[in-house]
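See structure below.
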Number of protein chains: 2
Amino acid sequence: MGYRVAIIGATGAVGWELLRILEERDFPVDSLRLFASERSAGKSLCFRGETVRVETLREGAFKGIEIAFFSAGAPRSREFAPKAVQAGALVIDNSSAFRLDPEVPLVIPEINGESMRSHKGIIANPNCSSIILLMALAPLRSLTRIKRVIVSTYQAASGAGAQAMQELLDATRAYLQGEPFEPRVLPHPYAFNLFSHNSPVGSDGYNEEERKILLESRKILNEPELAISATCVRVPVLRAHSESIHVELEHRPPLAAIRAAYQAFAGVRLVDDRERNHFPMPIEATGRDEVLVGRLREDTALPNGLALFACGDQLRKGAALNAVQIAEIMVQSPP
Amino acid sequence: MGYRVAIIGATGAVGWELLRILEERDFPVDSLRLFASERSAGKSLCFRGETVRVETLREGAFKGIEIAFFSAGAPRSREFAPKAVQAGALVIDNSSAFRLDPEVPLVIPEINGESMRSHKGIIANPNCSSIILLMALAPLRSLTRIKRVIVSTYQAASGAGAQAMQELLDATRAYLQGEPFEPRVLPHPYAFNLFSHNSPVGSDGYNEEERKILLESRKILNEPELAISATCVRVPVLRAHSESIHVELEHRPPLAAIRAAYQAFAGVRLVDDRERNHFPMPIEATGRDEVLVGRLREDTALPNGLALFACGDQLRKGAALNAVQIAEIMVQSPP
């Protein structure tokens, strides 16, 4: 007894990861349809040892689909997700299209799983940086209230898609061979360089990624006034985001209690070995389901402050895994 | 009329940069002696078109030296700087050996140049991350008092020396060729990875680099109670450090006034083009004397808060240039 599943944006970095995670977690897929843009039409992808042909997204594509994972960008979600809902599908949308819509639950299952019950056909998957930040803060929230959050990110190429990952490799290879390289996907040279996040900057000086972290965190935590600011930076790393997080707490529990809360929290793994200088690193977060958290220490600047450092696989918990977790809950206990 | 100058640690990354900056700025060098460890004995370096042989550092080496730049690590400074002073030299020390000694001025000429007047033979050059942070904050301090600083760094390989820069290149080349690579200089794999700063971590959870930023900033600004915290991270970048800085101000001047203060401040360059998403980047800070500052915006988390982003060449203003600037002031207007 499985479900008729569709992936929209199947040939992208997140689409590929969705396929792998549905396989790994043995999600009850009865039939699978894959959609992508014209560019990818004719391609085929492998799922459970069988070949699935990629179709072009068009009117009427969703007939019979029960669960549709969207990961093809906000414009495509805005156009096609309502059609999928109309056709009877539950949409789990990885784009930013509906995240701030008050009618659409924005869900990290470990944090506000109950909110998905009120869905009207669409459940939104948060931005990757928001998910990693909030997973890193979740164990703390079981101990005290978080009053203030200041986060600086170290974001991987994967957040800008598979082509950006390729560009990082190509640009670096060219640099090492002393050859010129013209960026195509990202706006700045990427080899051994970093730059402010490549999303448009608003009149308040914040880029879209930073605004997502602010607004999505407030919505997911249901704290519309949460004091939070973010600086988002793209670093030459392939596929796990890191975040330096400084928080002000209502009161600061003993560090031992904080560590215990992190050790007990599913989906988070404490990596905090001061003696061996071993803390969360992108290469160790890559391919893992858990968000790695470490460098737990009293913050010397903020009252009742705590500083920490987190790394999470941007394509897994930051995107595909979180979406599949939402689907799992929906099929295990339908509303 | 020039000076008899010595460089101790001449074959390191900072030593090499010292030679170039003394040349570029036409520092009045009458004679130059270069010292390094046994490992480099017999090497020669080029200065103003002439070849200078590298000598091994030993007892009595400083006879006749008037200005000695030390950049060979704290143990060597601790052992030999007092001997150079005894021999009559002014020591400008780039190591951490004397930075927190209350008898030793710790100087960024643009910020606390006057403090060097009280030297007793040694003037300390601050840590590179401290210099870049404080240069980025200096224009603000002409407008208002800084109450709180939270900084997360993105530090280049060069801060760990020339060998670490080579390791970043070698590790990345090996990664791209699918070959194994065993780190020798840094404790973790560096190709497309980042990690918490590779200095020892204390019982408070802060590593030495973070403690330097805290204690040196307080000393240089002469604000022993300044609320400041740092997270220091090594990123796969060759030679310019970046810093994400969030500050709380006593009051927040209009952004236009803040921008004007940055434009007017010598040693800082405003790079803050929101429309073209062009902000400070390591590749543009490399080889430059100025610290690049941008992303100026109201901080959404801190009262009277301001967020900004800075990049500075870790070997120039972060080390060699600052040291030569100190020497220039001392020779132009001796106490």
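Naming works like this for the structure tokens: A, B, ... for the chains as they're shown, residue 1 at the start of each chain, ligands 1 onward in shown order.
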Least-squares superpose chain B onto chain A - every C-alpha atom, paired in order - and show me the moved coordinates as an mmCIF file with C-alpha atoms, in the first residue's frame.
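And here is the file that came out, part25.cif:
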data_model
loop_
_atom_site.group_PDB
_atom_site.id
_atom_site.type_symbol
_atom_site.label_atom_id
_atom_site.label_comp_id
_atom_site.auth_asym_id
_atom_site.auth_seq_id
_atom_site.Cartn_x
_atom_site.Cartn_y
_atom_site.Cartn_z
ATOM 1 C CA MET B 1 -0.043 -0.012 -0.007
ATOM 2 C CA GLY B 2 1.929 2.960 -1.273
ATOM 3 C CA TYR B 3 1.415 6.446 -2.636
ATOM 4 C CA ARG B 4 1.526 7.960 -6.080
ATOM 5 C CA VAL B 5 4.390 10.430 -5.736
ATOM 6 C CA ALA B 6 5.721 13.161 -8.023
ATOM 7 C CA ILE B 7 8.910 15.194 -7.833
ATOM 8 C CA ILE B 8 8.896 18.542 -9.603
ATOM 9 C CA GLY B 9 12.449 19.704 -10.253
ATOM 10 C CA ALA B 10 13.752 16.138 -10.228
ATOM 11 C CA THR B 11 17.019 16.873 -12.026
ATOM 12 C CA GLY B 12 18.218 19.559 -9.613
ATOM 13 C CA ALA B 13 20.495 19.036 -6.614
ATOM 14 C CA VAL B 14 17.563 18.774 -4.187
ATOM 15 C CA GLY B 15 15.543 16.602 -6.589
ATOM 16 C CA TRP B 16 18.348 14.102 -6.814
ATOM 17 C CA GLU B 17 18.643 14.042 -3.020
ATOM 18 C CA LEU B 18 14.873 13.517 -2.709
ATOM 19 C CA LEU B 19 15.151 10.360 -4.812
ATOM 20 C CA ARG B 20 17.978 9.018 -2.652
ATOM 21 C CA ILE B 21 16.187 9.780 0.616
ATOM 22 C CA LEU B 22 12.898 8.239 -0.525
ATOM 23 C CA GLU B 23 14.917 5.110 -1.326
ATOM 24 C CA GLU B 24 16.988 5.101 1.867
ATOM 25 C CA ARG B 25 14.012 5.596 4.143
ATOM 26 C CA ASP B 26 11.880 3.139 2.207
ATOM 27 C CA PHE B 27 9.102 5.651 1.745
ATOM 28 C CA PRO B 28 5.930 3.882 0.559
ATOM 29 C CA VAL B 29 6.095 4.896 -3.109
ATOM 30 C CA ASP B 30 3.623 3.063 -5.307
ATOM 31 C CA SER B 31 4.386 4.988 -8.442
ATOM 32 C CA LEU B 32 6.816 7.801 -9.118
ATOM 33 C CA ARG B 33 6.673 10.539 -11.721
ATOM 34 C CA LEU B 34 9.500 12.967 -12.299
ATOM 35 C CA PHE B 35 9.112 16.425 -13.763
ATOM 36 C CA ALA B 36 11.628 19.037 -14.832
ATOM 37 C CA SER B 37 11.924 21.907 -17.249
ATOM 38 C CA GLU B 38 12.176 21.504 -21.035
ATOM 39 C CA ARG B 39 15.965 21.526 -20.657
ATOM 40 C CA SER B 40 15.899 18.132 -18.923
ATOM 41 C CA ALA B 41 13.161 16.527 -21.013
ATOM 42 C CA GLY B 42 14.148 13.092 -22.227
ATOM 43 C CA LYS B 43 16.548 12.471 -19.327
ATOM 44 C CA SER B 44 16.029 9.447 -17.115
ATOM 45 C CA LEU B 45 16.786 8.950 -13.428
ATOM 46 C CA CYS B 46 17.223 5.817 -11.402
ATOM 47 C CA PHE B 47 14.864 4.930 -8.536
ATOM 48 C CA ARG B 48 15.015 1.578 -6.724
ATOM 49 C CA GLY B 49 16.943 0.071 -9.590
ATOM 50 C CA GLU B 50 14.416 1.148 -12.191
ATOM 51 C CA THR B 51 14.659 3.883 -14.760
ATOM 52 C CA VAL B 52 12.152 6.719 -14.567
ATOM 53 C CA ARG B 53 11.793 9.061 -17.501
ATOM 54 C CA VAL B 54 11.743 12.799 -16.769
ATOM 55 C CA GLU B 55 8.622 14.517 -18.095
ATOM 56 C CA THR B 56 8.064 18.142 -18.948
ATOM 57 C CA LEU B 57 5.786 19.945 -16.532
ATOM 58 C CA ARG B 58 2.503 20.936 -18.175
ATOM 59 C CA GLU B 59 -1.252 21.397 -17.618
ATOM 60 C CA GLY B 60 -2.930 18.304 -16.264
ATOM 61 C CA ALA B 61 0.348 16.693 -15.179
ATOM 62 C CA PHE B 62 -0.869 15.966 -11.658
ATOM 63 C CA LYS B 63 -3.798 13.689 -12.380
ATOM 64 C CA GLY B 64 -3.803 10.899 -9.796
ATOM 65 C CA ILE B 65 -0.799 12.233 -7.845
ATOM 66 C CA GLU B 66 -1.171 11.982 -4.059
ATOM 67 C CA ILE B 67 2.082 13.581 -2.857
ATOM 68 C CA ALA B 68 3.981 16.161 -4.897
ATOM 69 C CA PHE B 69 7.419 17.373 -3.821
ATOM 70 C CA PHE B 70 8.133 20.731 -5.449
ATOM 71 C CA SER B 71 11.728 21.862 -5.781
ATOM 72 C CA ALA B 72 11.881 23.832 -8.988
ATOM 73 C CA GLY B 73 11.994 27.416 -7.731
ATOM 74 C CA ALA B 74 9.327 29.825 -6.525
ATOM 75 C CA PRO B 75 7.852 30.870 -9.912
ATOM 76 C CA ARG B 76 7.152 27.238 -10.860
ATOM 77 C CA SER B 77 5.673 26.511 -7.424
ATOM 78 C CA ARG B 78 3.456 29.564 -7.637
ATOM 79 C CA GLU B 79 2.142 28.440 -11.005
ATOM 80 C CA PHE B 80 1.826 24.688 -10.545
ATOM 81 C CA ALA B 81 1.403 23.930 -6.816
ATOM 82 C CA PRO B 82 -2.223 25.162 -6.732
ATOM 83 C CA LYS B 83 -2.936 22.962 -9.758
ATOM 84 C CA ALA B 84 -1.476 19.940 -7.984
ATOM 85 C CA VAL B 85 -3.645 20.692 -4.944
ATOM 86 C CA GLN B 86 -6.683 21.017 -7.180
ATOM 87 C CA ALA B 87 -5.873 17.611 -8.653
ATOM 88 C CA GLY B 88 -5.989 16.179 -5.116
ATOM 89 C CA ALA B 89 -2.280 16.069 -4.232
ATOM 90 C CA LEU B 90 -0.614 17.101 -0.988
ATOM 91 C CA VAL B 91 2.129 19.536 -1.998
ATOM 92 C CA ILE B 92 5.349 19.740 -0.006
ATOM 93 C CA ASP B 93 7.016 22.803 -1.413
ATOM 94 C CA ASN B 94 10.716 23.442 -1.049
ATOM 95 C CA SER B 95 10.572 26.891 -2.664
ATOM 96 C CA SER B 96 10.026 30.240 -0.972
ATOM 97 C CA ALA B 97 6.690 30.742 -2.777
ATOM 98 C CA PHE B 98 4.327 30.022 0.112
ATOM 99 C CA ARG B 99 6.560 30.017 3.175
ATOM 100 C CA LEU B 100 5.264 33.260 4.603
ATOM 101 C CA ASP B 101 1.631 32.688 3.555
ATOM 102 C CA PRO B 102 -0.354 32.622 6.824
ATOM 103 C CA GLU B 103 -2.536 29.851 5.340
ATOM 104 C CA VAL B 104 0.471 27.595 4.718
ATOM 105 C CA PRO B 105 2.244 25.743 7.529
ATOM 106 C CA LEU B 106 6.039 26.160 7.475
ATOM 107 C CA VAL B 107 7.357 23.053 9.124
ATOM 108 C CA ILE B 108 10.413 21.527 10.744
ATOM 109 C CA PRO B 109 8.949 18.308 12.132
ATOM 110 C CA GLU B 110 11.176 18.273 15.244
ATOM 111 C CA ILE B 111 10.122 21.830 16.115
ATOM 112 C CA ASN B 112 6.608 22.640 14.981
ATOM 113 C CA GLY B 113 5.343 19.375 13.494
ATOM 114 C CA GLU B 114 1.876 19.920 14.918
ATOM 115 C CA SER B 115 1.382 22.989 12.702
ATOM 116 C CA MET B 116 1.191 20.852 9.546
ATOM 117 C CA ARG B 117 -2.195 19.505 10.647
ATOM 118 C CA SER B 118 -3.887 22.735 9.549
ATOM 119 C CA HIS B 119 -2.661 22.564 5.964
ATOM 120 C CA LYS B 120 -4.936 23.361 3.050
ATOM 121 C CA GLY B 121 -3.068 21.282 0.502
ATOM 122 C CA ILE B 122 0.383 22.916 0.697
ATOM 123 C CA ILE B 123 3.023 22.483 3.380
ATOM 124 C CA ALA B 124 6.119 24.632 2.999
ATOM 125 C CA ASN B 125 9.663 23.428 3.635
ATOM 126 C CA PRO B 126 11.794 26.197 5.195
ATOM 127 C CA ASN B 127 14.949 27.678 3.743
ATOM 128 C CA CYS B 128 18.036 25.547 4.392
ATOM 129 C CA SER B 129 19.799 28.140 6.553
ATOM 130 C CA SER B 130 16.655 28.591 8.646
ATOM 131 C CA ILE B 131 16.341 24.833 9.209
ATOM 132 C CA ILE B 132 19.975 24.438 10.275
ATOM 133 C CA LEU B 133 19.770 27.464 12.593
ATOM 134 C CA LEU B 134 16.534 26.366 14.238
ATOM 135 C CA MET B 135 17.640 22.743 14.633
ATOM 136 C CA ALA B 136 20.780 24.055 16.354
ATOM 137 C CA LEU B 137 18.648 26.178 18.689
ATOM 138 C CA ALA B 138 15.885 23.637 19.317
ATOM 139 C CA PRO B 139 17.544 21.804 22.250
ATOM 140 C CA LEU B 140 18.114 25.138 23.994
ATOM 141 C CA ARG B 141 14.441 26.013 23.725
ATOM 142 C CA SER B 142 13.578 23.004 25.875
ATOM 143 C CA LEU B 143 15.537 24.711 28.679
ATOM 144 C CA THR B 144 14.812 28.414 28.403
ATOM 145 C CA ARG B 145 13.460 31.166 26.182
ATOM 146 C CA ILE B 146 15.688 32.582 23.445
ATOM 147 C CA LYS B 147 15.585 36.373 23.517
ATOM 148 C CA ARG B 148 18.017 37.342 20.793
ATOM 149 C CA VAL B 149 19.809 35.586 17.915
ATOM 150 C CA ILE B 150 22.771 36.823 15.881
ATOM 151 C CA VAL B 151 23.892 34.434 13.165
ATOM 152 C CA SER B 152 26.621 34.589 10.531
ATOM 153 C CA THR B 153 26.521 31.881 7.884
ATOM 154 C CA TYR B 154 29.181 30.059 5.888
ATOM 155 C CA GLN B 155 27.055 28.724 3.025
ATOM 156 C CA ALA B 156 28.033 26.054 0.556
ATOM 157 C CA ALA B 157 27.767 26.113 -3.224
ATOM 158 C CA SER B 158 24.942 23.558 -3.167
ATOM 159 C CA GLY B 159 22.504 26.200 -1.912
ATOM 160 C CA ALA B 160 22.785 27.801 -5.346
ATOM 161 C CA GLY B 161 22.183 24.470 -7.072
ATOM 162 C CA ALA B 162 24.111 21.707 -8.782
ATOM 163 C CA GLN B 163 25.518 24.115 -11.365
ATOM 164 C CA ALA B 164 27.049 26.275 -8.653
ATOM 165 C CA MET B 165 28.749 23.214 -7.170
ATOM 166 C CA GLN B 166 30.200 22.470 -10.606
ATOM 167 C CA GLU B 167 31.282 26.087 -10.954
ATOM 168 C CA LEU B 168 33.169 25.920 -7.659
ATOM 169 C CA LEU B 169 35.039 22.840 -8.885
ATOM 170 C CA ASP B 170 35.712 24.279 -12.341
ATOM 171 C CA ALA B 171 36.784 27.693 -11.061
ATOM 172 C CA THR B 172 39.149 26.116 -8.551
ATOM 173 C CA ARG B 173 40.664 23.764 -11.114
ATOM 174 C CA ALA B 174 41.227 26.702 -13.467
ATOM 175 C CA TYR B 175 42.849 28.728 -10.670
ATOM 176 C CA LEU B 176 45.234 25.898 -9.818
ATOM 177 C CA GLN B 177 46.182 25.531 -13.479
ATOM 178 C CA GLY B 178 46.710 29.277 -13.858
ATOM 179 C CA GLU B 179 43.900 29.512 -16.391
ATOM 180 C CA PRO B 180 41.281 32.258 -16.632
ATOM 181 C CA PHE B 181 37.732 31.416 -15.569
ATOM 182 C CA GLU B 182 34.608 33.461 -16.143
ATOM 183 C CA PRO B 183 31.841 32.911 -13.527
ATOM 184 C CA ARG B 184 28.556 31.850 -15.142
ATOM 185 C CA VAL B 185 26.286 30.838 -12.254
ATOM 186 C CA LEU B 186 27.463 32.972 -9.355
ATOM 187 C CA PRO B 187 28.186 36.682 -9.584
ATOM 188 C CA HIS B 188 31.773 36.583 -8.275
ATOM 189 C CA PRO B 189 34.922 34.478 -8.658
ATOM 190 C CA TYR B 190 34.552 31.487 -6.355
ATOM 191 C CA ALA B 191 38.012 29.856 -6.253
ATOM 192 C CA PHE B 192 39.533 30.457 -2.808
ATOM 193 C CA ASN B 193 37.158 33.383 -2.357
ATOM 194 C CA LEU B 194 33.962 34.145 -0.451
ATOM 195 C CA PHE B 195 31.263 36.742 -0.983
ATOM 196 C CA SER B 196 28.049 38.098 0.444
ATOM 197 C CA HIS B 197 25.093 35.838 -0.391
ATOM 198 C CA ASN B 198 24.080 36.134 -4.046
ATOM 199 C CA SER B 199 20.428 37.062 -3.472
ATOM 200 C CA PRO B 200 19.038 40.552 -4.128
ATOM 201 C CA VAL B 201 19.677 43.155 -1.432
ATOM 202 C CA GLY B 202 16.695 45.165 -0.198
ATOM 203 C CA SER B 203 16.488 48.808 0.800
ATOM 204 C CA ASP B 204 17.162 47.857 4.426
ATOM 205 C CA GLY B 205 20.519 46.410 3.366
ATOM 206 C CA TYR B 206 19.548 42.803 4.022
ATOM 207 C CA ASN B 207 19.670 40.234 1.259
ATOM 208 C CA GLU B 208 16.803 37.814 0.639
ATOM 209 C CA GLU B 209 18.547 34.924 2.365
ATOM 210 C CA GLU B 210 18.939 36.987 5.533
ATOM 211 C CA ARG B 211 15.319 38.105 5.358
ATOM 212 C CA LYS B 212 14.244 34.471 4.993
ATOM 213 C CA ILE B 213 16.108 33.519 8.160
ATOM 214 C CA LEU B 214 14.492 36.376 10.055
ATOM 215 C CA LEU B 215 10.911 35.912 8.867
ATOM 216 C CA GLU B 216 10.881 32.110 8.702
ATOM 217 C CA SER B 217 12.400 31.762 12.173
ATOM 218 C CA ARG B 218 9.763 34.039 13.634
ATOM 219 C CA LYS B 219 6.996 32.053 11.932
ATOM 220 C CA ILE B 220 8.316 28.581 12.787
ATOM 221 C CA LEU B 221 8.964 29.486 16.427
ATOM 222 C CA ASN B 222 5.697 31.395 16.555
ATOM 223 C CA GLU B 223 7.538 34.388 17.993
ATOM 224 C CA PRO B 224 6.647 37.286 15.706
ATOM 225 C CA GLU B 225 8.787 39.724 17.692
ATOM 226 C CA LEU B 226 11.940 37.593 18.012
ATOM 227 C CA ALA B 227 15.063 39.793 17.907
ATOM 228 C CA ILE B 228 17.179 38.176 15.223
ATOM 229 C CA SER B 229 19.733 39.307 12.676
ATOM 230 C CA ALA B 230 21.721 37.415 10.075
ATOM 231 C CA THR B 231 24.723 37.888 7.824
ATOM 232 C CA CYS B 232 24.746 35.365 4.967
ATOM 233 C CA VAL B 233 27.973 34.584 3.179
ATOM 234 C CA ARG B 234 28.817 32.127 0.414
ATOM 235 C CA VAL B 235 32.061 30.219 1.084
ATOM 236 C CA PRO B 236 34.003 27.809 -1.170
ATOM 237 C CA VAL B 237 32.544 24.651 0.341
ATOM 238 C CA LEU B 238 30.544 22.121 -1.677
ATOM 239 C CA ARG B 239 27.440 21.062 0.224
ATOM 240 C CA ALA B 240 27.075 21.723 3.925
ATOM 241 C CA HIS B 241 26.227 25.064 5.472
ATOM 242 C CA SER B 242 27.883 26.268 8.677
ATOM 243 C CA GLU B 243 26.567 28.900 11.062
ATOM 244 C CA SER B 244 28.175 30.875 13.860
ATOM 245 C CA ILE B 245 25.379 31.572 16.329
ATOM 246 C CA HIS B 246 25.356 33.930 19.307
ATOM 247 C CA VAL B 247 22.194 33.983 21.423
ATOM 248 C CA GLU B 248 20.868 35.817 24.438
ATOM 249 C CA LEU B 249 18.777 33.605 26.729
ATOM 250 C CA GLU B 250 16.184 34.453 29.337
ATOM 251 C CA HIS B 251 18.399 32.628 31.788
ATOM 252 C CA ARG B 252 21.465 30.513 31.120
ATOM 253 C CA PRO B 253 21.339 26.939 32.422
ATOM 254 C CA PRO B 254 24.643 25.301 33.451
ATOM 255 C CA LEU B 255 26.693 24.190 30.443
ATOM 256 C CA ALA B 256 26.349 20.543 31.513
ATOM 257 C CA ALA B 257 22.558 20.806 31.287
ATOM 258 C CA ILE B 258 22.840 22.444 27.894
ATOM 259 C CA ARG B 259 25.122 19.685 26.629
ATOM 260 C CA ALA B 260 22.742 17.049 27.951
ATOM 261 C CA ALA B 261 19.843 18.697 26.103
ATOM 262 C CA TYR B 262 21.850 18.580 22.866
ATOM 263 C CA GLN B 263 22.769 14.950 23.399
ATOM 264 C CA ALA B 264 19.126 14.037 23.944
ATOM 265 C CA PHE B 265 17.678 15.856 20.941
ATOM 266 C CA ALA B 266 16.906 13.691 17.897
ATOM 267 C CA GLY B 267 18.221 15.195 14.672
ATOM 268 C CA VAL B 268 21.111 17.013 16.352
ATOM 269 C CA ARG B 269 24.543 15.596 17.068
ATOM 270 C CA LEU B 270 26.916 17.203 19.555
ATOM 271 C CA VAL B 271 30.477 17.495 18.167
ATOM 272 C CA ASP B 272 32.302 19.447 20.831
ATOM 273 C CA ASP B 273 35.739 18.064 21.649
ATOM 274 C CA ARG B 274 37.774 20.979 22.947
ATOM 275 C CA GLU B 275 40.882 18.964 23.639
ATOM 276 C CA ARG B 276 41.192 17.599 20.105
ATOM 277 C CA ASN B 277 39.892 20.866 18.601
ATOM 278 C CA HIS B 278 37.211 18.848 16.887
ATOM 279 C CA PHE B 279 33.988 20.719 16.165
ATOM 280 C CA PRO B 280 31.379 20.672 13.403
ATOM 281 C CA MET B 281 32.882 20.772 9.898
ATOM 282 C CA PRO B 282 31.150 20.727 6.498
ATOM 283 C CA ILE B 283 32.970 17.600 5.328
ATOM 284 C CA GLU B 284 31.675 15.701 8.349
ATOM 285 C CA ALA B 285 28.137 17.063 8.020
ATOM 286 C CA THR B 286 27.972 16.097 4.340
ATOM 287 C CA GLY B 287 25.719 13.126 3.698
ATOM 288 C CA ARG B 288 24.502 13.041 7.311
ATOM 289 C CA ASP B 289 20.966 13.502 8.513
ATOM 290 C CA GLU B 290 21.831 15.223 11.802
ATOM 291 C CA VAL B 291 22.785 18.850 12.218
ATOM 292 C CA LEU B 292 26.182 18.903 13.951
ATOM 293 C CA VAL B 293 26.462 21.380 16.846
ATOM 294 C CA GLY B 294 29.478 22.333 18.916
ATOM 295 C CA ARG B 295 31.631 25.113 20.356
ATOM 296 C CA LEU B 296 29.056 25.523 23.111
ATOM 297 C CA ARG B 297 30.339 28.254 25.445
ATOM 298 C CA GLU B 298 29.182 31.231 27.448
ATOM 299 C CA ASP B 299 29.017 34.297 25.249
ATOM 300 C CA THR B 300 31.303 37.022 26.583
ATOM 301 C CA ALA B 301 29.306 39.846 24.990
ATOM 302 C CA LEU B 302 25.622 39.089 25.616
ATOM 303 C CA PRO B 303 23.840 38.896 28.992
ATOM 304 C CA ASN B 304 22.975 35.227 29.611
ATOM 305 C CA GLY B 305 24.636 34.674 26.286
ATOM 306 C CA LEU B 306 25.613 31.430 24.614
ATOM 307 C CA ALA B 307 27.758 30.928 21.534
ATOM 308 C CA LEU B 308 27.669 27.856 19.312
ATOM 309 C CA PHE B 309 28.607 26.612 15.853
ATOM 310 C CA ALA B 310 26.526 24.344 13.619
ATOM 311 C CA CYS B 311 26.957 22.487 10.314
ATOM 312 C CA GLY B 312 24.228 20.760 8.396
ATOM 313 C CA ASP B 313 23.961 19.091 5.028
ATOM 314 C CA GLN B 314 22.146 21.740 3.073
ATOM 315 C CA LEU B 315 20.622 19.228 0.650
ATOM 316 C CA ARG B 316 19.497 16.723 3.282
ATOM 317 C CA LYS B 317 18.118 18.233 6.510
ATOM 318 C CA GLY B 318 18.310 21.646 4.842
ATOM 319 C CA ALA B 319 15.952 20.535 2.073
ATOM 320 C CA ALA B 320 15.135 16.992 0.896
ATOM 321 C CA LEU B 321 15.221 15.149 4.222
ATOM 322 C CA ASN B 322 13.011 17.702 5.961
ATOM 323 C CA ALA B 323 10.506 17.432 3.091
ATOM 324 C CA VAL B 324 10.433 13.624 3.266
ATOM 325 C CA GLN B 325 10.066 13.765 7.065
ATOM 326 C CA ILE B 326 6.978 15.923 6.575
ATOM 327 C CA ALA B 327 5.583 13.411 4.081
ATOM 328 C CA GLU B 328 6.302 10.531 6.443
ATOM 329 C CA ILE B 329 4.295 12.098 9.237
ATOM 330 C CA MET B 330 1.423 12.850 6.888
ATOM 331 C CA VAL B 331 1.225 9.259 5.629
ATOM 332 C CA GLN B 332 1.750 7.689 9.060
ATOM 333 C CA SER B 333 -1.019 9.679 10.708
ATOM 334 C CA PRO B 334 -3.165 11.438 8.132
ATOM 335 C CA PRO B 335 -5.217 14.280 9.590
#
Return as a VMD selection string the full set of residues in region 56-259 of chain A whose backbone-based DSSP assignment is strand (DSSP E or B). chain A and resid 56 67 to 70 90 to 93 106 122 to 124 146 to 155 195 to 196 201 207 227 to 231 233 to 234 240 to 249
Mind the document's chain letters and residue numbers, and return as a VMD selection string the residues of region 97-188 of chain A that DSSP labels helix (DSSP H, G or I). chain A and resid 109 to 118 128 to 141 157 to 160 162 to 176
